[in-house]
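K.L.:
Just passing along the structure, written as structure tokens.
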Amino acid sequence: MYSQKKHKLRPAELPKVYSVLRKAFGYQHWWPGDTPFEVMVGAILTQNTAWTNVEKAILNLKNSKKLSLNAFRRISKHELARLIRPAGYFNIKADRLKHFVTFFVKEYQGDLRRMRKESLGILRQKLLGVKGIGPETADSILLYALNKRSFVIDAYTKRIFSRHGLASAAESYDHWQRIFVKALPHNTRLYNDFHAQIVHVGKGFCRKEPRCGLCPLNSFKNQQKE
DNA sequence: GACCAGGCACATC
DNA sequence: GATGTGCATGGT
């Protein structure tokens, strides 16, 4: 498989890592979704699922004019599951979407502005209390739908940076998040784009071995003596 | 046909 | 707290 890099990337190098990625790929303008509501739906649909399959599900919702808060409140779980079928786990995800919408209406009357007024810490705790929303989904919603300063850790982050020796992939979500939060300036736009860059690298370079050698992150492998 | 993909909840030890 | 399992489609 992949050759393990001898260089152990240090947290202090993360700002430089971002700078290299940003220079190589440009600002990513994430998340791929037209509205905050679509972003929140996408965050749940993409759980353990390829984004191409999520796109099909979202297209189904759009074509049947069901991609709105009011439509989600009215639609039956069975019908919702039918529409999101391409995204996989459709029964579970239909449940999770319903739970989220119930929470959104009960806590914030379905009003994004009210939701944004909540402090980050409280809001994150509340999101984690919704059945079907774990840390990654919560942080994705916070960062990309609500523009809150919450760093997202995902499978790409762990895969890429464990290969570069930053930490073990087996470490917890919170452990990984603390590394990035401590090492980076506390800046929402940076959090947004850094995660987007990570996904770009994960999809483009880190999955297929022949492309690994082309990844800009390889510029870090010889900068520290063992 | 096997393997993988931007998780999460739940059971069991 | 750690480990294992179910959930499911579509691309390679």
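Chain lettering (A, B, ...) mirrors the order of the structure tokens, residue numbering begins at 1 for each chain separately, and ligand numbering begins at 1 in order of display.
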List the spatial neighbours of segment 63-68 of chain A as a ChimeraX atom specification - criterion: any atom at most 10 Å away, only C-alpha atoms (C1' of nucleotides), same-chain residues fewer than 2 positions off excluded.
P.N.:
/A:35,37-38,41,57-61,70-75,80,83
K.L.:
For the selection just defined, write its residues with C-alpha atoms to a file, as a PDB file, in the first residue's frame.
P.N.:
ATOM      1  CA  THR A  35     -28.641  27.072   1.262  1.00  0.00           C
ATOM      2  CA  PHE A  37     -30.764  24.051   5.102  1.00  0.00           C
ATOM      3  CA  GLU A  38     -29.299  22.074   2.214  1.00  0.00           C
ATOM      4  CA  VAL A  41     -29.326  17.966   5.195  1.00  0.00           C
ATOM      5  CA  ALA A  57     -30.370  12.064  -3.076  1.00  0.00           C
ATOM      6  CA  ILE A  58     -30.320  15.866  -2.936  1.00  0.00           C
ATOM      7  CA  LEU A  59     -31.268  16.033  -6.603  1.00  0.00           C
ATOM      8  CA  ASN A  60     -34.261  13.795  -5.892  1.00  0.00           C
ATOM      9  CA  LEU A  61     -35.315  16.128  -3.080  1.00  0.00           C
ATOM     10  CA  ASN A  70     -41.731  22.982   5.656  1.00  0.00           C
ATOM     11  CA  ALA A  71     -41.625  20.109   3.180  1.00  0.00           C
ATOM     12  CA  PHE A  72     -39.489  18.099   5.613  1.00  0.00           C
ATOM     13  CA  ARG A  73     -42.003  18.708   8.387  1.00  0.00           C
ATOM     14  CA  ARG A  74     -44.853  17.405   6.252  1.00  0.00           C
ATOM     15  CA  ILE A  75     -43.269  14.534   4.372  1.00  0.00           C
ATOM     16  CA  LEU A  80     -38.385  10.762   2.649  1.00  0.00           C
ATOM     17  CA  LEU A  83     -36.222  10.050  -2.063  1.00  0.00           C
TER      18      LEU A  83
END
K.L.:
Using DSSP on the backbone coordinates, identify all residues within segment 8-121 of chain A classified as alpha helix (DSSP H); present the result as a ChimeraX atom specification.
P.N.:
/A:14-25,36-45,51-63,69-74,77-83,90-108,112-117,120-121
K.L.:
Considering only C-alpha atoms (C1' of nucleotides), return as a PyMOL selection string whatever protein or nucleic-acid residues lie within 8 Å of Ala43 of chain A, sequence-local ones (same chain, fewer than 4 positions apart) excluded.
P.N.:
chain A and resi 39+47+137+140-141
K.L.:
Within 8 Å of chain B, which residues belong to chain A? Use only C-alpha atoms (C1' of nucleotides) and report them as a ChimeraX atom specification.
P.N.:
/A:46-51,132-134,136-137,154-156,199
K.L.:
Put those residues in a file: N, CA and C atoms, as a compact mmCIF listing (two decimals), in the first residue's frame.
P.N.:
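Output file result-v3.txt follows:
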# COMPACT_ATOMS: atom_id res chain seq x y z
N THR A 46 -24.37 12.58 4.21
CA THR A 46 -23.03 12.14 3.80
C THR A 46 -22.36 11.24 4.84
N GLN A 47 -23.05 10.96 5.93
CA GLN A 47 -22.46 10.09 6.95
C GLN A 47 -22.05 8.73 6.35
N ASN A 48 -20.80 8.44 6.42
CA ASN A 48 -20.24 7.17 5.92
C ASN A 48 -20.67 6.85 4.49
N THR A 49 -20.73 7.86 3.65
CA THR A 49 -21.27 7.70 2.30
C THR A 49 -20.51 8.59 1.32
N ALA A 50 -20.31 8.07 0.12
CA ALA A 50 -19.64 8.86 -0.92
C ALA A 50 -20.52 10.05 -1.31
N TRP A 51 -19.90 11.21 -1.48
CA TRP A 51 -20.65 12.43 -1.78
C TRP A 51 -21.44 12.31 -3.08
N GLY A 132 -28.68 10.79 16.14
CA GLY A 132 -28.20 10.71 14.76
C GLY A 132 -27.19 11.79 14.42
N ILE A 133 -26.99 12.73 15.34
CA ILE A 133 -25.98 13.76 15.11
C ILE A 133 -24.82 13.55 16.07
N GLY A 134 -23.68 13.15 15.51
CA GLY A 134 -22.46 12.96 16.30
C GLY A 134 -21.55 14.16 16.11
N GLU A 136 -18.89 14.87 14.18
CA GLU A 136 -18.56 15.38 12.85
C GLU A 136 -19.74 16.09 12.20
N THR A 137 -20.91 15.49 12.32
CA THR A 137 -22.10 16.10 11.73
C THR A 137 -22.41 17.43 12.43
N ASP A 154 -12.75 14.58 10.05
CA ASP A 154 -13.45 13.49 9.36
C ASP A 154 -12.47 12.38 9.00
N ALA A 155 -12.97 11.39 8.29
CA ALA A 155 -12.13 10.24 7.94
C ALA A 155 -10.91 10.67 7.13
N TYR A 156 -11.09 11.65 6.24
CA TYR A 156 -9.96 12.14 5.45
C TYR A 156 -8.88 12.74 6.35
N VAL A 199 -10.43 17.59 2.39
CA VAL A 199 -11.30 16.72 1.59
C VAL A 199 -10.79 16.67 0.15
K.L.:
With only C-alpha atoms (C1' of nucleotides) as the counted atoms, please give the residues lying no more than 7 Å from segment 8-11 of chain A, apart from itself and same-chain residues fewer than 4 positions off, as a PyMOL selection string.
P.N.:
chain A and resi 164-166+179+183
K.L.:
Quick check: residues of chain A within 10 Å of chain C, only C-alpha atoms (C1' of nucleotides), returned as an MDAnalysis selection string.
P.N.:
chainID A and resid 49:50 52:54 84:93
K.L.:
Rounded to one decimal place, report the atom CA of Ser19 of chain A-atom CA of Lys148 of chain A distance in Å.
P.N.:
21.6 Å
K.L.:
For Phe180 of chain A, find every residue with an atom within 10 Å (counting only C-alpha atoms (C1' of nucleotides)), except residues of its own chain fewer than 2 positions away, and show them as a list in words.
P.N.:
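The contact residues come out as Pro11, Ala12, Leu14, Pro15, Phe151, Val152, Ile153, His175, Trp176, Gln177, Arg178, Lys182, Ala183, Leu184, Pro185, His186 and Tyr191 of chain A.
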K.L.:
Set the distance at 12 Å and use only C-alpha atoms (C1' of nucleotides): which residues neighbour Arg113 of chain A once local chain neighbours fewer than 2 positions away are removed? I'd like the list as a list in words.
P.N.:
Pro36, Phe104, Tyr108, Gln109, Gly110, Asp111, Met115, Arg116, Lys117, Glu118, Ala145, Leu146 and Asn147 of chain A
